[in-house]
Amino acid sequence: MTLSDEGIALIKRFEGFRREAYRDAAGVWTIGYGHTGRAAPPPVTPGMTITPEEGEAILKADLEVFIAEISPLIETGLTANQFSALVSFAFNVGSANFARSSVLRAVNEGRLDDVPGRLALWNKAGGRVLRGLVRRRMAEGELFMTPDGAGEGGDPGGLLGWLVRLFSGLSGGGGARGESSKGAGS
């Protein structure tokens, strides 16, 4: 399975690039495009700085780790955009959280229309709903439902179709229970 250009762009957009090390919302030292040193070197330390080129190389290494970790867990064929949405999700919540998520269960049970709703549950960090996570999960759900090759912005029918199913109660994505991202990082 391969990562689509749209998937990489989504990850970069939501992670943003930071040249200097900082503590993320969970208090974890982070640099570049959401790199924490958990997935691949280098370890992130206070005062650390990187160039944009180094950030790109670190992101590539991190994504290779996540692809290797989640690919064996997926038991069904996916499009590049579907796989990319799952890589973005795992990059954000961590491979262990991905492995035990209702998102992966829905994928492996062939309930692909349920995936955007399952993603939407993972909107919390520190027990609080975060607008950034709500936006990211919506973008991941949209990418998941977008046919490969639909171009920038994708096919609005994919997301629109999912929203219609969601609000008519057919997607199974509702519910009051939220799942937490726990700031897993990469």
# chains A, B, ... in the order shown; residues from 1 in each chain; ligands from 1
$ residues_around --residues "segment 133-137 of chain A" --least-positions-apart "5" --cutoff "8 Å" --atoms "only C-alpha atoms" --output "MDAnalysis selection string"
chainID A and resid 14 89 116 119:120 122:124
$ write_last_selection --atoms "C-alpha atoms" --output "mmCIF file, in the first residue's frame"
data_model
loop_
_atom_site.group_PDB
_atom_site.id
_atom_site.type_symbol
_atom_site.label_atom_id
_atom_site.label_comp_id
_atom_site.auth_asym_id
_atom_site.auth_seq_id
_atom_site.Cartn_x
_atom_site.Cartn_y
_atom_site.Cartn_z
ATOM 1 C CA PHE A 14 -2.259 19.506 10.196
ATOM 2 C CA PHE A 89 -4.685 8.974 11.780
ATOM 3 C CA PRO A 116 -15.279 8.631 8.810
ATOM 4 C CA LEU A 119 -12.394 8.656 12.940
ATOM 5 C CA ALA A 120 -14.563 11.497 14.257
ATOM 6 C CA TRP A 122 -10.940 10.475 18.147
ATOM 7 C CA ASN A 123 -11.324 14.191 18.794
ATOM 8 C CA LYS A 124 -9.982 14.534 22.329
#
$ atom_distance --atom1 "atom CA of Asp24 of chain A" --atom2 "atom CA of Phe83 of chain A"
25.7 Å
$ residues_around --residues "Glu75 of chain A" --least-positions-apart "3" --cutoff "8 Å" --atoms "only C-alpha atoms" --output "JSON, numbers by chain"
{"A": [72, 107, 108]}
$ write_last_selection --atoms "N, CA, C and O atoms" --output "PDB file, in the first residue's frame"
ATOM      1  N   PRO A  72       0.454  -4.357   8.174  1.00  0.00           N
ATOM      2  CA  PRO A  72       0.077  -5.740   8.488  1.00  0.00           C
ATOM      3  C   PRO A  72      -1.244  -5.867   9.244  1.00  0.00           C
ATOM      4  O   PRO A  72      -1.828  -6.941   9.293  1.00  0.00           O
ATOM      5  N   VAL A 107     -12.642  -0.999   9.213  1.00  0.00           N
ATOM      6  CA  VAL A 107     -11.940  -1.312   7.962  1.00  0.00           C
ATOM      7  C   VAL A 107     -11.887  -2.823   7.753  1.00  0.00           C
ATOM      8  O   VAL A 107     -12.258  -3.332   6.694  1.00  0.00           O
ATOM      9  N   ASN A 108     -11.437  -3.537   8.759  1.00  0.00           N
ATOM     10  CA  ASN A 108     -11.250  -4.984   8.620  1.00  0.00           C
ATOM     11  C   ASN A 108     -12.557  -5.754   8.511  1.00  0.00           C
ATOM     12  O   ASN A 108     -12.576  -6.871   7.987  1.00  0.00           O
TER      13      ASN A 108
END
$ atom_distance --atom1 "atom CA of Phe66 of chain A" --atom2 "atom CA of Val129 of chain A"
24.8 Å
$ atom_distance --atom1 "atom CA of Val65 of chain A" --atom2 "atom CA of Arg131 of chain A"
27.4 Å
$ residues_around --residues "Ala39 of chain A" --least-positions-apart "5" --cutoff "12 Å" --atoms "only C-alpha atoms" --output "list of chain:residue names"
A:Thr30, A:Gly34, A:Val44, A:Ile58, A:Leu59, A:Lys60, A:Ala61, A:Asp62, A:Leu63, A:Glu64, A:Val65, A:Phe66, A:Ile67, A:Ala68, A:Glu69, A:Ala90, A:Phe91, A:Asn92, A:Gly94, A:Ser95, A:Ala96, A:Ala184, A:Gly185, A:Ser186
$ closest_residue --among "A:Ala40, A:Thr45, A:Ile11, A:Arg111" --to "Arg23 of chain A" --atoms "only C-alpha atoms"
A:Thr45
$ residues_around --residues "Leu78 of chain A" --least-positions-apart "3" --cutoff "10 Å" --atoms "only C-alpha atoms" --output "PyMOL selection string"
chain A and resi 1-2+74-75+81-84+107+112+144
$ select_by_dssp --residues "segment 85-149 of chain A" --states "strand (DSSP E)" --output "list of chain:residue names"
A:Trp122, A:Asn123, A:Lys124, A:Ala125, A:Arg128, A:Val129
$ residues_around --residues "Glu54 of chain A" --least-positions-apart "3" --cutoff "12 Å" --atoms "only C-alpha atoms" --output "PyMOL selection string"
chain A and resi 17-20+31-33+35+41-42+49-51+57-61
$ write_last_selection --atoms "all heavy atoms" --output "tab-separated table (two decimals), in the first residue's frame"
chain	number	residue	atom	x	y	z
A	17	PHE	N	4.94	22.84	10.11
A	17	PHE	CA	6.39	22.70	10.26
A	17	PHE	C	6.88	23.66	11.33
A	17	PHE	O	6.58	24.85	11.29
A	17	PHE	CB	7.13	22.98	8.95
A	17	PHE	CG	8.62	22.94	9.11
A	17	PHE	CD1	9.28	21.73	9.20
A	17	PHE	CD2	9.36	24.11	9.21
A	17	PHE	CE1	10.66	21.67	9.39
A	17	PHE	CE2	10.73	24.07	9.39
A	17	PHE	CZ	11.39	22.85	9.48
A	18	ARG	N	7.62	23.13	12.28
A	18	ARG	CA	8.23	23.94	13.33
A	18	ARG	C	9.73	23.68	13.32
A	18	ARG	O	10.17	22.56	13.53
A	18	ARG	CB	7.64	23.59	14.69
A	18	ARG	CG	6.14	23.82	14.82
A	18	ARG	CD	5.75	25.26	15.09
A	18	ARG	NE	6.14	25.74	16.39
A	18	ARG	CZ	5.40	25.69	17.49
A	18	ARG	NH1	4.20	25.13	17.44
A	18	ARG	NH2	5.84	26.17	18.61
A	19	ARG	N	10.49	24.72	13.07
A	19	ARG	CA	11.95	24.65	12.98
A	19	ARG	C	12.58	24.39	14.34
A	19	ARG	O	13.62	23.73	14.44
A	19	ARG	CB	12.47	25.96	12.40
A	19	ARG	CG	13.95	26.10	12.32
A	19	ARG	CD	14.36	27.48	11.82
A	19	ARG	NE	13.93	27.73	10.48
A	19	ARG	CZ	14.62	27.42	9.39
A	19	ARG	NH1	15.79	26.82	9.50
A	19	ARG	NH2	14.17	27.69	8.20
A	20	GLU	N	11.97	24.90	15.40
A	20	GLU	CA	12.53	24.77	16.75
A	20	GLU	C	11.69	23.81	17.59
A	20	GLU	O	10.47	23.79	17.48
A	20	GLU	CB	12.56	26.13	17.43
A	20	GLU	CG	13.48	27.12	16.73
A	20	GLU	CD	13.49	28.48	17.39
A	20	GLU	OE1	13.14	28.59	18.58
A	20	GLU	OE2	13.84	29.45	16.70
A	31	ILE	N	9.24	18.47	16.97
A	31	ILE	CA	9.92	19.35	16.00
A	31	ILE	C	9.49	18.96	14.59
A	31	ILE	O	8.96	17.86	14.37
A	31	ILE	CB	11.46	19.27	16.16
A	31	ILE	CG1	12.13	20.48	15.53
A	31	ILE	CG2	11.99	17.94	15.64
A	31	ILE	CD1	13.58	20.68	15.97
A	32	GLY	N	9.73	19.84	13.65
A	32	GLY	CA	9.43	19.53	12.24
A	32	GLY	C	7.95	19.34	12.02
A	32	GLY	O	7.13	20.13	12.47
A	33	TYR	N	7.60	18.26	11.32
A	33	TYR	CA	6.20	17.93	11.04
A	33	TYR	C	5.69	16.92	12.06
A	33	TYR	O	5.41	15.76	11.72
A	33	TYR	CB	6.07	17.36	9.62
A	33	TYR	CG	6.37	18.34	8.53
A	33	TYR	CD1	7.59	18.31	7.87
A	33	TYR	CD2	5.44	19.30	8.16
A	33	TYR	CE1	7.88	19.22	6.86
A	33	TYR	CE2	5.72	20.22	7.16
A	33	TYR	CZ	6.94	20.17	6.51
A	33	TYR	OH	7.21	21.07	5.51
A	35	HIS	N	7.29	15.48	14.56
A	35	HIS	CA	8.26	14.45	14.95
A	35	HIS	C	8.55	14.54	16.45
A	35	HIS	O	8.89	15.60	16.96
A	35	HIS	CB	9.56	14.62	14.17
A	35	HIS	CG	10.63	13.69	14.60
A	35	HIS	ND1	10.62	12.35	14.26
A	35	HIS	CD2	11.73	13.88	15.37
A	35	HIS	CE1	11.68	11.77	14.78
A	35	HIS	NE2	12.37	12.67	15.47
A	41	PRO	N	14.66	8.14	14.67
A	41	PRO	CA	15.56	9.19	15.13
A	41	PRO	C	15.36	10.45	14.28
A	41	PRO	O	14.79	10.36	13.20
A	41	PRO	CB	16.95	8.61	14.91
A	41	PRO	CG	16.77	7.23	14.38
A	41	PRO	CD	15.32	6.99	14.13
A	42	PRO	N	15.80	11.57	14.72
A	42	PRO	CA	16.58	11.82	15.94
A	42	PRO	C	15.67	12.06	17.14
A	42	PRO	O	14.51	12.46	16.98
A	42	PRO	CB	17.34	13.10	15.60
A	42	PRO	CG	16.40	13.85	14.71
A	42	PRO	CD	15.70	12.78	13.90
A	49	THR	N	17.09	22.59	16.73
A	49	THR	CA	16.56	23.24	15.53
A	49	THR	C	16.88	22.36	14.32
A	49	THR	O	17.85	21.60	14.34
A	49	THR	CB	17.17	24.65	15.30
A	49	THR	OG1	18.57	24.53	15.13
A	49	THR	CG2	16.85	25.58	16.47
A	50	ILE	N	16.03	22.48	13.29
A	50	ILE	CA	16.24	21.75	12.04
A	50	ILE	C	15.90	22.66	10.87
A	50	ILE	O	15.17	23.65	11.03
A	50	ILE	CB	15.42	20.45	11.95
A	50	ILE	CG1	13.91	20.74	12.03
A	50	ILE	CG2	15.86	19.45	13.02
A	50	ILE	CD1	13.03	19.52	11.75
A	51	THR	N	16.37	22.30	9.70
A	51	THR	CA	16.03	23.02	8.48
A	51	THR	C	14.78	22.40	7.87
A	51	THR	O	14.42	21.26	8.21
A	51	THR	CB	17.17	22.93	7.45
A	51	THR	OG1	17.30	21.56	7.03
A	51	THR	CG2	18.50	23.44	8.03
A	57	ALA	N	13.02	15.11	5.46
A	57	ALA	CA	13.67	13.79	5.59
A	57	ALA	C	13.18	13.06	6.84
A	57	ALA	O	12.93	11.84	6.81
A	57	ALA	CB	15.19	13.96	5.63
A	58	ILE	N	13.02	13.79	7.94
A	58	ILE	CA	12.54	13.17	9.18
A	58	ILE	C	11.10	12.69	8.99
A	58	ILE	O	10.74	11.59	9.41
A	58	ILE	CB	12.66	14.16	10.36
A	58	ILE	CG1	14.14	14.40	10.69
A	58	ILE	CG2	11.90	13.66	11.57
A	58	ILE	CD1	14.38	15.56	11.64
A	59	LEU	N	10.26	13.52	8.35
A	59	LEU	CA	8.87	13.12	8.10
A	59	LEU	C	8.83	11.84	7.26
A	59	LEU	O	8.08	10.91	7.57
A	59	LEU	CB	8.09	14.23	7.41
A	59	LEU	CG	6.66	13.88	7.02
A	59	LEU	CD1	5.81	13.56	8.25
A	59	LEU	CD2	6.03	15.02	6.21
A	60	LYS	N	9.65	11.78	6.22
A	60	LYS	CA	9.68	10.60	5.37
A	60	LYS	C	10.04	9.36	6.19
A	60	LYS	O	9.39	8.31	6.06
A	60	LYS	CB	10.68	10.79	4.23
A	60	LYS	CG	10.74	9.62	3.29
A	60	LYS	CD	11.71	9.84	2.15
A	60	LYS	CE	11.70	8.62	1.26
A	60	LYS	NZ	12.90	8.43	0.52
A	61	ALA	N	11.04	9.46	7.05
A	61	ALA	CA	11.44	8.32	7.89
A	61	ALA	C	10.33	7.94	8.86
A	61	ALA	O	10.05	6.75	9.05
A	61	ALA	CB	12.72	8.66	8.65
$ residues_around --residues "Arg118 of chain A" --least-positions-apart "2" --cutoff "9 Å" --atoms "only C-alpha atoms" --output "list of chain:residue names"
A:Ser101, A:Ser102, A:Val103, A:Leu104, A:Ala106, A:Asp114, A:Val115, A:Pro116, A:Ala120, A:Leu121, A:Trp122, A:Gly141, A:Gly172, A:Gly173, A:Gly174
$ decode --residues "segment 12-66 of chain A" --atoms "C-alpha atoms" --output "mmCIF file, in the first residue's frame"
data_model
loop_
_atom_site.group_PDB
_atom_site.id
_atom_site.type_symbol
_atom_site.label_atom_id
_atom_site.label_comp_id
_atom_site.auth_asym_id
_atom_site.auth_seq_id
_atom_site.Cartn_x
_atom_site.Cartn_y
_atom_site.Cartn_z
ATOM 1 C CA LYS A 12 1.883 18.285 6.631
ATOM 2 C CA ARG A 13 -1.063 20.702 6.792
ATOM 3 C CA PHE A 14 -2.259 19.506 10.196
ATOM 4 C CA GLU A 15 1.168 18.932 11.735
ATOM 5 C CA GLY A 16 2.631 22.169 10.397
ATOM 6 C CA PHE A 17 6.388 22.697 10.260
ATOM 7 C CA ARG A 18 8.233 23.944 13.326
ATOM 8 C CA ARG A 19 11.951 24.648 12.981
ATOM 9 C CA GLU A 20 12.531 24.767 16.751
ATOM 10 C CA ALA A 21 11.680 22.083 19.311
ATOM 11 C CA TYR A 22 8.538 22.776 21.344
ATOM 12 C CA ARG A 23 6.242 20.934 23.738
ATOM 13 C CA ASP A 24 3.013 19.790 22.082
ATOM 14 C CA ALA A 25 -0.447 19.772 23.715
ATOM 15 C CA ALA A 26 0.488 16.583 25.589
ATOM 16 C CA GLY A 27 3.803 18.068 26.784
ATOM 17 C CA VAL A 28 5.945 15.949 24.423
ATOM 18 C CA TRP A 29 9.007 17.532 22.793
ATOM 19 C CA THR A 30 8.215 17.875 19.090
ATOM 20 C CA ILE A 31 9.917 19.348 16.005
ATOM 21 C CA GLY A 32 9.431 19.535 12.243
ATOM 22 C CA TYR A 33 6.202 17.928 11.036
ATOM 23 C CA GLY A 34 5.062 16.440 14.346
ATOM 24 C CA HIS A 35 8.256 14.452 14.953
ATOM 25 C CA THR A 36 8.710 13.325 18.556
ATOM 26 C CA GLY A 37 11.467 10.755 18.132
ATOM 27 C CA ARG A 38 9.161 7.877 19.081
ATOM 28 C CA ALA A 39 8.942 6.484 15.542
ATOM 29 C CA ALA A 40 12.445 7.170 14.266
ATOM 30 C CA PRO A 41 15.556 9.193 15.127
ATOM 31 C CA PRO A 42 16.575 11.815 15.940
ATOM 32 C CA PRO A 43 15.432 12.230 19.535
ATOM 33 C CA VAL A 44 13.943 15.681 20.139
ATOM 34 C CA THR A 45 15.617 17.798 22.784
ATOM 35 C CA PRO A 46 15.008 21.309 24.149
ATOM 36 C CA GLY A 47 16.716 23.957 22.000
ATOM 37 C CA MET A 48 16.977 21.653 18.972
ATOM 38 C CA THR A 49 16.560 23.240 15.526
ATOM 39 C CA ILE A 50 16.245 21.748 12.037
ATOM 40 C CA THR A 51 16.031 23.021 8.479
ATOM 41 C CA PRO A 52 12.981 22.497 6.260
ATOM 42 C CA GLU A 53 15.002 19.928 4.288
ATOM 43 C CA GLU A 54 15.807 18.020 7.480
ATOM 44 C CA GLY A 55 12.125 18.219 8.427
ATOM 45 C CA GLU A 56 11.137 16.615 5.112
ATOM 46 C CA ALA A 57 13.668 13.794 5.589
ATOM 47 C CA ILE A 58 12.535 13.173 9.178
ATOM 48 C CA LEU A 59 8.872 13.115 8.101
ATOM 49 C CA LYS A 60 9.679 10.595 5.372
ATOM 50 C CA ALA A 61 11.443 8.323 7.888
ATOM 51 C CA ASP A 62 8.574 8.653 10.383
ATOM 52 C CA LEU A 63 5.981 7.826 7.719
ATOM 53 C CA GLU A 64 7.939 4.749 6.609
ATOM 54 C CA VAL A 65 7.790 3.477 10.200
ATOM 55 C CA PHE A 66 4.039 4.066 10.471
#
